[in-house]
Amino acid sequence: MKGDTKSFRITPISFLARTTIAIVLLSVGYTLGLFHTSSSKPPPSSSSSSSSSSSPPLSISHVPLQLQTSTNFNCTTLKPNKESLAAYKDLLQFKKQCTKPVPQRQIYETILNRIWDGVSPYTGFPSPATAEHLLPLSSKPRGWGSTTPVFQDLISTVRPKTIIELGTFLGASALHMAQITRNLSLPSTLILCIDDFRTWPGARRLLRSDLPVPYHGDALLLHQFMLGVKNANESHRVLPFPFSTSSALVAFCEWGIYGDLIEVDAGHDFHSAWSDINLAWAVLRPGGVLFGHDYFTKADNMGVRRAVTLFAKVNGLAVRPHGEHWVLSPKPQPSTL
Ligand SMILES: C[S@@+](CC[C@H](N)C(=O)[O-])C[C@H]1O[C@@H](n2cnc3c(N)ncnc32)[C@H](O)[C@@H]1O
């Protein structure tokens, strides 16, 4: 009995030794377990034979969850340095110099050749298959501030040969500008209408009666706009350019297509307006005027107004509010830039 009791007696030294062994065994077991876990589910890209001999680099999805959240996870924090800041500053710049302008009489043809193989989109328009999806024409298509006095004022002052509009929708403002140019004996002024003709997410809820029913996901805004242009007998000079404003303006810059008067009325958040204004400025002819709608809109915390103000400050220009619109001072001639 005594002897039995003695055989179970634990001395402080043996307790220490046993605990140490237990910890070592646990650590080795855990480590082996860890290797097993991380190599049992290789990342999709680790199928090559070369990666099987050496351990693959750890990707986040490949790291056990407890390590992803551990403060010991050895990730590299990228710190800004001189080079990255210079590159960042450079990326904030917009191109200011575009290609030599194409002659005025070649602008329409250049666009047809570049995007429609030389054929006017109005040729044979609307086909019966398209017409059946469109709404009857309204005498006053839906627009926003599209007939305010700013158009008459600027067109009579600038007497533009080419107008570029960013954000056309159903063409209310474009057709109003066409009417003004006719009244001012400028019947061959070109009006280039840049719009992706998709409206914006959620627009149908607000504007159901103004828009055709979408067809296989196509908003049909382009065709509804073209119907209005054709009906106004303006298809020889009011031309849709159905792309995003940024891709369209980059193309105009590369092709040498400039406007004497440019209206900005597409995206109303700061970044859209900022990009549109900068890209449009590059394709504005010296002496020309850049203006836009919704100077007072609250969208994106007055995003349009912040973009216009910043642009004017950076470029030393004056901003003049005109009703709901904003107007920048004319683009200086190159020698004074
Ligand atoms: C307010 S509506 C234009 C209204 C028009 N100026 C009028 O008053 O008759 C805005 C238009 O901009 C277009 N738009 C918005 N963001 C755009 C973008 N990034 N690229 C091309 N079009 C865009 C929409 O499709 C929409 O038709």
# chains A, B, ... in the order shown; residues from 1 in each chain; ligands from 1
$ residues_near_ligand --ligand "ligand 1" --cutoff "10 Å" --atoms "only C-alpha atoms and all ligand atoms" --output "MDAnalysis selection string"
chainID A and resid 141:148 165:176 193:201 203 219 221:222 225 241:249 263:269 272:273 275:276 292:294
$ select_by_dssp --residues "stretch 162-301 of chain A" --states "strand (DSSP E or B)" --output "number ranges by chain"
A: 162-166, 190-194, 215, 218, 238-241, 259-264, 284-292
$ select_by_dssp --residues "stretch 270-313 of chain A" --states "alpha helix (DSSP H)" --output "PyMOL selection string"
chain A and resi 270-282+299-313
$ residues_around --residues "A:Trp255" --least-positions-apart "3" --cutoff "8 Å" --atoms "only C-alpha atoms" --output "JSON, numbers by chain"
{"A": [99, 101, 102, 251, 252]}
$ atom_distance --atom1 "atom CA of A:Val229" --atom2 "atom CA of A:Tyr215"
20.9 Å
$ closest_residue --among "A:Leu261, A:Leu112, A:Ile107, A:Val238" --to "A:Leu290" --atoms "only C-alpha atoms"
A:Leu261
$ residues_around --residues "A:Pro136" --least-positions-apart "3" --cutoff "12 Å" --atoms "only C-alpha atoms" --output "NGL selection string"
:A and (131-133 or 139-141 or 209-212 or 224-225 or 227-228 or 231)
$ write_last_selection --atoms "N, CA and C atoms" --output "CSV table (one decimal), in the first residue's frame"
chain,number,residue,atom,x,y,z
A,131,ALA,N,-39.5,50.9,-84.4
A,131,ALA,CA,-40.5,51.9,-84.2
A,131,ALA,C,-41.6,51.4,-83.2
A,132,GLU,N,-41.9,50.1,-83.3
A,132,GLU,CA,-43.0,49.6,-82.5
A,132,GLU,C,-42.7,49.6,-81.0
A,133,HIS,N,-41.4,49.8,-80.6
A,133,HIS,CA,-41.0,49.9,-79.2
A,133,HIS,C,-41.0,51.3,-78.7
A,139,SER,N,-44.6,66.8,-77.6
A,139,SER,CA,-44.2,68.1,-78.2
A,139,SER,C,-43.2,68.8,-77.3
A,140,LYS,N,-43.1,68.3,-76.1
A,140,LYS,CA,-42.0,68.9,-75.2
A,140,LYS,C,-41.4,67.7,-74.5
A,141,PRO,N,-40.3,67.2,-75.0
A,141,PRO,CA,-39.6,66.0,-74.4
A,141,PRO,C,-39.1,66.4,-73.0
A,209,SER,N,-43.2,57.4,-67.6
A,209,SER,CA,-44.1,57.8,-68.7
A,209,SER,C,-43.2,58.5,-69.8
A,210,ASP,N,-42.0,58.9,-69.5
A,210,ASP,CA,-41.2,59.6,-70.5
A,210,ASP,C,-40.3,58.6,-71.3
A,211,LEU,N,-40.2,57.4,-70.8
A,211,LEU,CA,-39.2,56.5,-71.4
A,211,LEU,C,-39.9,55.2,-72.0
A,212,PRO,N,-39.4,54.7,-73.1
A,212,PRO,CA,-39.9,53.5,-73.7
A,212,PRO,C,-39.7,52.3,-72.7
A,224,GLN,N,-35.2,56.6,-78.9
A,224,GLN,CA,-36.3,57.6,-78.7
A,224,GLN,C,-35.7,59.0,-79.0
A,225,PHE,N,-34.5,59.3,-78.6
A,225,PHE,CA,-33.8,60.6,-78.9
A,225,PHE,C,-33.7,60.8,-80.4
A,227,LEU,N,-35.5,59.6,-82.7
A,227,LEU,CA,-36.8,59.8,-83.3
A,227,LEU,C,-37.2,61.3,-83.2
A,228,GLY,N,-36.9,61.9,-82.1
A,228,GLY,CA,-37.1,63.3,-81.9
A,228,GLY,C,-36.3,64.2,-82.8
A,231,ASN,N,-37.6,63.9,-86.4
A,231,ASN,CA,-38.9,64.6,-86.5
A,231,ASN,C,-38.6,66.1,-86.6
$ atom_distance --atom1 "atom CA of A:Glu109" --atom2 "atom CA of A:Asp153"
29.1 Å
$ closest_residue --among "A:Met226, A:Leu184, A:Leu134, A:Cys98" --to "A:Pro240" --atoms "only C-alpha atoms"
A:Met226
$ residues_around --residues "A:Asn278" --least-positions-apart "3" --cutoff "12 Å" --atoms "only C-alpha atoms" --output "PDB file with C-alpha atoms, in the first residue's frame"
ATOM      1  CA  LEU A  92      -4.483  63.378 -60.948  1.00  0.00           C
ATOM      2  CA  GLN A  93      -3.500  65.296 -64.060  1.00  0.00           C
ATOM      3  CA  PHE A  94      -5.695  65.317 -67.145  1.00  0.00           C
ATOM      4  CA  LYS A  95      -4.303  65.644 -70.631  1.00  0.00           C
ATOM      5  CA  LYS A  96      -4.368  69.291 -71.646  1.00  0.00           C
ATOM      6  CA  GLN A  97      -3.043  69.085 -75.191  1.00  0.00           C
ATOM      7  CA  THR A 245     -18.504  60.817 -71.466  1.00  0.00           C
ATOM      8  CA  SER A 246     -14.925  59.979 -70.518  1.00  0.00           C
ATOM      9  CA  LEU A 249     -13.917  62.922 -74.763  1.00  0.00           C
ATOM     10  CA  VAL A 250     -10.681  60.937 -74.820  1.00  0.00           C
ATOM     11  CA  CYS A 253      -8.995  64.571 -78.008  1.00  0.00           C
ATOM     12  CA  ILE A 262     -19.571  72.652 -74.455  1.00  0.00           C
ATOM     13  CA  VAL A 264     -21.758  69.516 -69.094  1.00  0.00           C
ATOM     14  CA  HIS A 271     -15.904  62.718 -59.547  1.00  0.00           C
ATOM     15  CA  SER A 272     -18.060  62.487 -62.693  1.00  0.00           C
ATOM     16  CA  ALA A 273     -18.342  66.256 -62.961  1.00  0.00           C
ATOM     17  CA  TRP A 274     -14.634  66.749 -62.210  1.00  0.00           C
ATOM     18  CA  SER A 275     -13.594  64.277 -64.890  1.00  0.00           C
ATOM     19  CA  TRP A 281     -11.679  71.652 -71.292  1.00  0.00           C
ATOM     20  CA  ALA A 282      -9.025  69.887 -73.380  1.00  0.00           C
ATOM     21  CA  VAL A 283     -11.364  69.734 -76.410  1.00  0.00           C
ATOM     22  CA  LEU A 284     -12.693  73.264 -76.027  1.00  0.00           C
ATOM     23  CA  LEU A 290     -17.617  75.644 -71.064  1.00  0.00           C
ATOM     24  CA  ALA A 307     -15.924  70.328 -59.099  1.00  0.00           C
ATOM     25  CA  VAL A 308     -16.592  73.597 -60.958  1.00  0.00           C
ATOM     26  CA  LEU A 310     -12.037  73.599 -57.833  1.00  0.00           C
ATOM     27  CA  PHE A 311     -11.490  73.635 -61.592  1.00  0.00           C
ATOM     28  CA  ALA A 312     -11.858  77.412 -61.739  1.00  0.00           C
ATOM     29  CA  VAL A 314      -6.789  75.517 -60.257  1.00  0.00           C
ATOM     30  CA  ASN A 315      -6.963  77.190 -63.674  1.00  0.00           C
TER      31      ASN A 315
END
$ closest_residue --among "A:Leu85, A:Leu137, A:Ile111, A:Leu220" --to "A:Ala232" --atoms "only C-alpha atoms"
A:Leu137
$ atom_distance --atom1 "atom CA of A:Thr77" --atom2 "atom CA of A:Leu91"
21.6 Å
